[in-house]
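Q: My structure is stored as entry07.txt, with compact mmCIF, C-alpha atoms.
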```txt
# COMPACT_ATOMS: atom_id res chain seq x y z
CA PHE A 814 -163.97 -140.87 65.96
CA PHE A 815 -165.46 -141.44 69.42
CA GLU A 816 -163.81 -144.84 69.87
CA GLU A 817 -160.49 -143.49 68.51
CA ALA A 818 -160.61 -140.61 71.00
CA CYS A 819 -161.30 -143.07 73.84
CA LYS A 820 -158.22 -145.08 72.89
CA LYS A 821 -156.01 -142.01 72.46
CA TYR A 822 -157.09 -140.35 75.71
CA GLU A 823 -157.78 -143.43 77.81
CA ASN A 824 -157.16 -141.58 81.09
CA LYS A 825 -159.86 -139.01 80.30
CA ILE A 826 -163.65 -139.06 80.25
CA ILE A 827 -164.70 -138.62 76.61
CA CYS A 828 -168.05 -136.93 75.84
CA VAL A 829 -170.06 -136.71 72.64
CA LEU A 830 -173.28 -134.75 72.15
CA ARG A 831 -175.66 -136.07 69.48
CA GLN A 832 -178.93 -134.65 68.18
CA LYS A 833 -181.97 -136.94 67.86
CA ASN A 834 -184.70 -136.69 65.22
CA ASP A 835 -186.97 -134.83 67.64
CA ASP A 836 -184.28 -132.13 68.09
CA SER A 837 -183.44 -133.31 71.63
CA PHE A 838 -179.85 -134.14 72.51
CA ILE A 839 -178.16 -137.20 73.99
CA LEU A 840 -174.87 -137.05 75.87
CA THR A 841 -172.65 -140.12 75.80
CA ARG A 842 -169.67 -140.34 78.13
CA LYS A 843 -167.10 -143.08 78.36
CA THR A 844 -164.24 -143.88 80.71
CA LYS A 845 -161.69 -146.67 80.36
CA ASN A 846 -160.34 -146.84 83.91
CA PHE A 847 -163.39 -148.33 85.59
CA TRP A 848 -161.53 -150.68 87.94
CA GLU A 849 -159.34 -147.78 89.08
CA GLU A 850 -162.36 -145.57 89.68
CA LEU A 851 -164.15 -148.36 91.54
CA ASN A 852 -161.20 -148.78 93.89
CA GLN A 853 -160.49 -145.07 94.40
CA SER A 854 -164.06 -143.82 94.75
CA GLU A 855 -166.19 -145.10 97.61
CA ASN A 856 -169.27 -144.33 95.57
CA ILE A 857 -169.04 -144.55 91.81
CA ILE A 858 -172.61 -143.29 91.79
CA GLU A 859 -171.14 -139.80 92.09
CA LYS A 860 -169.61 -140.26 88.62
CA ALA A 861 -173.06 -140.25 87.05
CA THR A 862 -175.58 -137.44 86.91
CA LYS A 863 -179.19 -137.73 88.05
CA ASN A 864 -181.26 -140.09 85.87
CA GLU A 865 -178.20 -141.11 83.80
CA ILE A 866 -177.60 -144.70 82.75
CA VAL A 867 -174.22 -146.15 83.67
CA LEU A 868 -173.18 -148.90 81.26
CA VAL A 869 -170.68 -151.39 82.67
CA THR A 870 -169.16 -153.15 79.66
CA ALA A 871 -166.50 -155.82 79.18
CA PRO A 872 -165.83 -159.01 77.24
CA ALA A 873 -167.33 -162.25 78.59
CA GLY A 874 -165.87 -163.49 81.86
CA MET A 875 -164.31 -160.18 82.90
CA GLY A 876 -166.36 -159.79 86.08
CA LYS A 877 -169.29 -157.53 85.20
CA SER A 878 -171.62 -159.35 87.58
CA CYS A 879 -169.06 -159.09 90.40
CA VAL A 880 -168.76 -155.35 89.78
CA LEU A 881 -172.54 -154.88 89.97
CA SER A 882 -172.77 -157.01 93.13
CA ASN A 883 -170.02 -154.92 94.72
CA LEU A 884 -171.75 -151.70 93.67
CA THR A 885 -175.05 -152.95 95.10
CA ARG A 886 -173.48 -153.53 98.52
CA LYS A 887 -171.77 -150.12 98.51
CA LEU A 888 -174.88 -148.28 97.36
CA LYS A 889 -177.13 -149.91 99.96
CA LYS A 890 -174.69 -148.88 102.65
CA SER A 891 -174.22 -145.32 101.35
CA TYR A 892 -177.84 -144.63 100.40
CA PRO A 893 -180.09 -146.39 102.96
CA HIS A 894 -182.98 -144.03 102.12
CA LEU A 895 -183.11 -145.32 98.51
CA TRP A 896 -184.44 -148.61 97.15
CA VAL A 897 -181.33 -150.35 95.78
CA TYR A 898 -181.77 -153.64 93.95
CA LYS A 899 -179.85 -155.77 91.45
CA ILE A 900 -181.84 -157.66 88.81
CA GLU A 901 -180.41 -160.66 86.95
CA LEU A 902 -182.16 -160.67 83.58
CA ASN A 903 -181.12 -164.22 82.69
CA THR A 904 -183.42 -165.50 85.46
CA LEU A 905 -186.41 -163.68 83.91
CA THR A 906 -186.33 -165.19 80.42
CA LYS A 907 -189.75 -166.87 80.66
CA ILE A 908 -191.42 -163.66 81.84
CA LEU A 909 -189.82 -161.65 79.03
CA GLU A 910 -190.87 -164.22 76.43
CA LYS A 911 -194.48 -163.93 77.58
CA MET A 912 -194.37 -160.14 77.57
CA LYS A 913 -192.86 -159.62 74.12
CA HIS A 914 -196.21 -160.27 72.39
CA SER A 915 -198.21 -157.86 74.53
CA LYS A 916 -198.39 -154.07 74.41
CA LEU A 917 -196.07 -152.50 76.96
CA ASP A 918 -197.50 -149.75 79.14
CA GLU A 919 -196.86 -148.36 82.61
CA LYS A 920 -198.93 -151.06 84.31
CA LYS A 921 -197.10 -153.88 82.50
CA MET A 922 -193.74 -152.30 83.34
CA ILE A 923 -194.62 -152.09 87.04
CA GLU A 924 -195.82 -155.70 87.04
CA PHE A 925 -192.55 -156.82 85.47
CA PHE A 926 -190.38 -155.07 88.06
CA GLU A 927 -192.59 -156.27 90.93
CA CYS A 928 -191.97 -159.79 89.66
CA ALA A 929 -188.25 -159.15 89.09
CA LEU A 930 -187.93 -157.76 92.63
CA LYS A 931 -189.89 -160.76 93.99
CA LEU A 932 -192.55 -158.61 95.62
CA LYS A 933 -195.42 -160.89 96.67
CA HIS A 934 -197.36 -158.99 99.34
CA GLU A 935 -199.52 -155.96 98.62
CA THR A 936 -197.71 -153.92 101.29
CA GLU A 937 -194.37 -154.51 99.55
CA LYS A 938 -195.87 -153.49 96.22
CA LYS A 939 -197.35 -150.29 97.67
CA VAL A 940 -194.00 -149.32 99.20
CA PHE A 941 -192.23 -150.04 95.90
CA ASN A 942 -194.75 -147.91 93.99
CA GLU A 943 -194.16 -145.01 96.38
CA TYR A 944 -190.42 -145.23 95.83
CA LEU A 945 -191.07 -145.54 92.09
CA LYS A 946 -193.18 -142.36 91.94
CA LYS A 947 -190.60 -140.39 93.92
CA GLY A 948 -187.67 -141.65 91.84
CA GLN A 949 -185.97 -142.99 94.97
CA ILE A 950 -184.65 -146.09 93.27
CA ILE A 951 -181.22 -147.26 92.18
CA LEU A 952 -181.61 -150.21 89.85
CA LEU A 953 -178.78 -152.44 88.68
CA ILE A 954 -179.63 -154.64 85.67
CA ASP A 955 -177.21 -157.49 85.03
CA GLY A 956 -176.94 -159.81 82.03
CA VAL A 957 -178.53 -157.83 79.21
CA ASP A 958 -176.23 -159.78 76.88
CA GLU A 959 -177.48 -163.13 78.22
CA ILE A 960 -181.14 -162.87 77.24
CA SER A 961 -182.74 -163.96 73.97
CA PRO A 962 -182.11 -161.55 71.06
CA ASN A 963 -185.89 -161.52 70.54
CA CYS A 964 -186.34 -159.89 73.94
CA LYS A 965 -183.68 -157.18 73.77
CA GLN A 966 -185.90 -154.52 72.25
CA LEU A 967 -188.49 -155.29 74.91
CA VAL A 968 -185.84 -154.73 77.60
CA ILE A 969 -184.98 -151.34 76.10
CA LYS A 970 -188.68 -150.41 76.11
CA LEU A 971 -188.96 -151.56 79.75
CA ILE A 972 -185.99 -149.40 80.72
CA LYS A 973 -187.39 -146.41 78.80
CA THR A 974 -190.83 -146.75 80.40
CA PHE A 975 -189.26 -147.21 83.83
CA LYS A 976 -187.15 -144.07 83.37
CA ASP A 977 -190.08 -142.03 82.03
CA VAL A 978 -192.34 -143.01 84.93
CA SER A 979 -189.86 -142.95 87.78
CA ARG A 980 -186.83 -140.89 86.74
CA PRO A 981 -184.77 -143.16 89.03
CA ASP A 982 -181.87 -141.82 91.04
CA ARG A 983 -179.41 -143.94 89.06
CA LEU A 984 -179.56 -146.92 86.71
CA PHE A 985 -176.69 -149.35 86.08
CA ILE A 986 -176.66 -151.87 83.23
CA SER A 987 -174.02 -154.49 82.43
CA THR A 988 -173.44 -156.05 79.01
CA ARG A 989 -170.64 -157.35 76.84
CA SER A 990 -168.58 -154.78 74.96
CA GLU A 991 -169.34 -156.30 71.57
CA GLU A 992 -173.12 -156.59 71.99
CA SER A 993 -175.28 -154.88 69.34
CA ILE A 994 -177.69 -153.72 72.06
CA LEU A 995 -175.03 -151.16 73.06
CA LYS A 996 -175.81 -149.16 69.92
CA ASP A 997 -179.53 -149.19 70.73
CA ILE A 998 -178.93 -148.07 74.31
CA ASN A 999 -176.57 -145.31 73.16
CA LYS A 1000 -179.15 -144.07 70.66
CA GLU A 1001 -181.99 -144.03 73.16
CA PHE A 1002 -180.43 -142.80 76.41
CA GLU A 1003 -177.83 -140.55 77.97
CA VAL A 1004 -175.13 -142.91 79.16
CA LEU A 1005 -171.86 -143.01 81.03
CA ARG A 1006 -170.01 -146.03 79.67
CA CYS A 1007 -167.50 -147.64 82.01
CA GLU A 1008 -165.39 -150.34 80.39
CA ILE A 1009 -163.60 -152.93 82.49
CA GLN A 1010 -160.04 -153.41 81.32
CA PRO A 1011 -158.18 -156.74 81.71
CA PHE A 1012 -155.40 -157.03 84.26
CA THR A 1013 -151.86 -156.57 83.00
CA LYS A 1014 -149.38 -159.33 83.80
CA ASP A 1015 -148.08 -157.34 86.79
CA GLU A 1016 -151.62 -156.74 88.06
CA GLN A 1017 -152.40 -160.46 87.77
CA MET A 1018 -149.28 -161.27 89.76
CA GLU A 1019 -150.20 -158.76 92.46
CA PHE A 1020 -153.79 -160.02 92.60
CA PHE A 1021 -152.77 -163.64 93.14
CA ARG A 1022 -150.01 -162.62 95.54
CA LYS A 1023 -152.62 -160.92 97.77
CA ILE A 1024 -154.92 -163.96 97.61
CA TRP A 1025 -152.04 -166.29 98.39
CA LYS A 1026 -151.03 -164.24 101.42
CA THR A 1027 -154.56 -163.52 102.66
CA HIS A 1028 -155.78 -167.11 102.60
CA GLU A 1029 -152.46 -168.61 103.67
CA ILE A 1030 -152.77 -171.35 101.07
CA LEU A 1031 -149.14 -172.27 101.64
CA ASP A 1032 -146.20 -170.71 103.41
CA PHE A 1033 -145.57 -167.81 101.07
CA ASN A 1034 -142.26 -167.78 99.24
CA ASP A 1035 -141.94 -164.98 96.70
CA THR A 1036 -139.26 -166.72 94.63
CA ILE A 1037 -141.36 -169.87 94.25
CA PHE A 1038 -144.42 -167.71 93.54
CA VAL A 1039 -142.68 -165.74 90.75
CA ASN A 1040 -141.25 -168.91 89.17
CA PHE A 1041 -144.64 -170.63 89.32
CA PHE A 1042 -146.45 -167.79 87.55
CA GLY A 1043 -143.61 -167.39 85.08
CA VAL A 1044 -144.31 -170.95 83.92
CA LEU A 1045 -148.09 -170.36 84.09
CA PHE A 1046 -147.97 -167.27 81.87
CA LYS A 1047 -146.12 -169.20 79.17
CA HIS A 1048 -149.14 -171.46 78.74
CA PHE A 1049 -151.84 -168.76 78.78
```
So, in terms of structure tokens, how does the structure I just supplied come out?

A:
Amino acid sequence: FFEEACKKYENKIICVLRQKNDDSFILTRKTKNFWEELNQSENIIEKATKNEIVLVTAPAGMGKSCVLSNLTRKLKKSYPHLWVYKIELNTLTKILEKMKHSKLDEKKMIEFFECALKLKHETEKKVFNEYLKKGQIILLIDGVDEISPNCKQLVIKLIKTFKDVSRPDRLFISTRSEESILKDINKEFEVLRCEIQPFTKDEQMEFFRKIWKTHEILDFNDTIFVNFFGVLFKHF
């Protein structure tokens, strides 16, 4: 029903409230027009509530990493008093593999994020821990879909422990739309799901037209441009 409602009312934010076994409730929200929101709103962070996870989902190759990089730049500029950092999980595979056999606790979680954030000096670690305790962190986790399936439950536990300890200002996670880990994240956390939609043919034309004009690849001729992409679209 939730997915059907999202398709039927794609211009609206759809919410569903679910009860967990411990009688607590989880709110799941989803919006389809993520690209539109990203362009219209200077700070998409305002779309999410305090301590909510924002899931950026899309099929492979749709630009999830670019979206998170763009958000990181905007957030650092808009929130200089917060610790804003983007983590690429696919670069931490070896660390995750080592951790999956050990018991995860607060200390292990902190050690993981100190390593992920490339904190080497004690002063850096102390500053990070202060931000962690105060919840003055915006963390962006990219590539959940790119890690080993054996490590995905560990990642969920890391996120849960991180949230329980820090209650971070905001947390963004990117993954493919079809990934099974989405169900686990939805079960465990309150989420705002933002799904990147593919460009329409007209949007693709406009995108390439802007690039063509901006970079002055050739003397721009709209007739040649339209004919060229007309042929191109027939093959793709």

Q: Quick one: of A:His894, A:Lys921, A:Arg1022, A:Lys931, who's nearest to Asp982 (chain A), counting all atoms listed in the file?

A: A:His894

Q: Hey, can you check how far CA of Glu959 (chain A) sits from CA of Val869 (chain A)?

A: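 Taking CA of Glu959 (chain A) and CA of Val869 (chain A), their separation equals 14.3 Å.
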
Q: Could you state the separation of CA of Asp1035 (chain A) and CA of Phe1020 (chain A) in Å, given to one decimal place?

A: 13.5 Å

Q: Counting only C-alpha atoms, figure out which residue out of A:Lys938, A:Phe1042, A:Glu1003, A:Ile1037 gets nearest to Gln1017 (chain A).

A: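 Smallest distance to Gln1017 (chain A) is found for A:Phe1042.
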
Q: Take CA of Ser878 (chain A) and CA of Leu932 (chain A) and report the distance between them in Å, one decimal.

A: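 Between these atoms lies a distance of 22.4 Å.
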
Q: Ranking A:Ser993, A:Gln1010, A:Ser891, A:Thr988 by minimum distance to Leu953 (chain A) and counting all atoms listed in the file, which one comes first?

A: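 Ranked by minimum distance to Leu953 (chain A), first place goes to A:Thr988.
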
Q: List every protein, DNA or RNA residue that has an atom no more than 12 Å from (-186.6, -144.4, 77.7) in the file's coordinate frame, counting all atoms listed in the file, and report them as a ChimeraX atom specification.

A: /A:839,864-866,966-981,984,997-1004

Q: Could you name the residues that touch Ser987 (chain A) at 9 Å or less, counting all atoms listed in the file, but leaving out those on the same chain fewer than 2 positions away, as a ChimeraX atom specification?

A: /A:867-871,877-878,881,953-958,985,989

Q: Using all atoms listed in the file, collect all residues at a distance of at most 12 Å from (-150.7, -166.9, 79.5) as written in the file, then present them as a VMD selection string.

A: chain A and resid 1012 to 1014 1017 to 1018 1042 to 1049
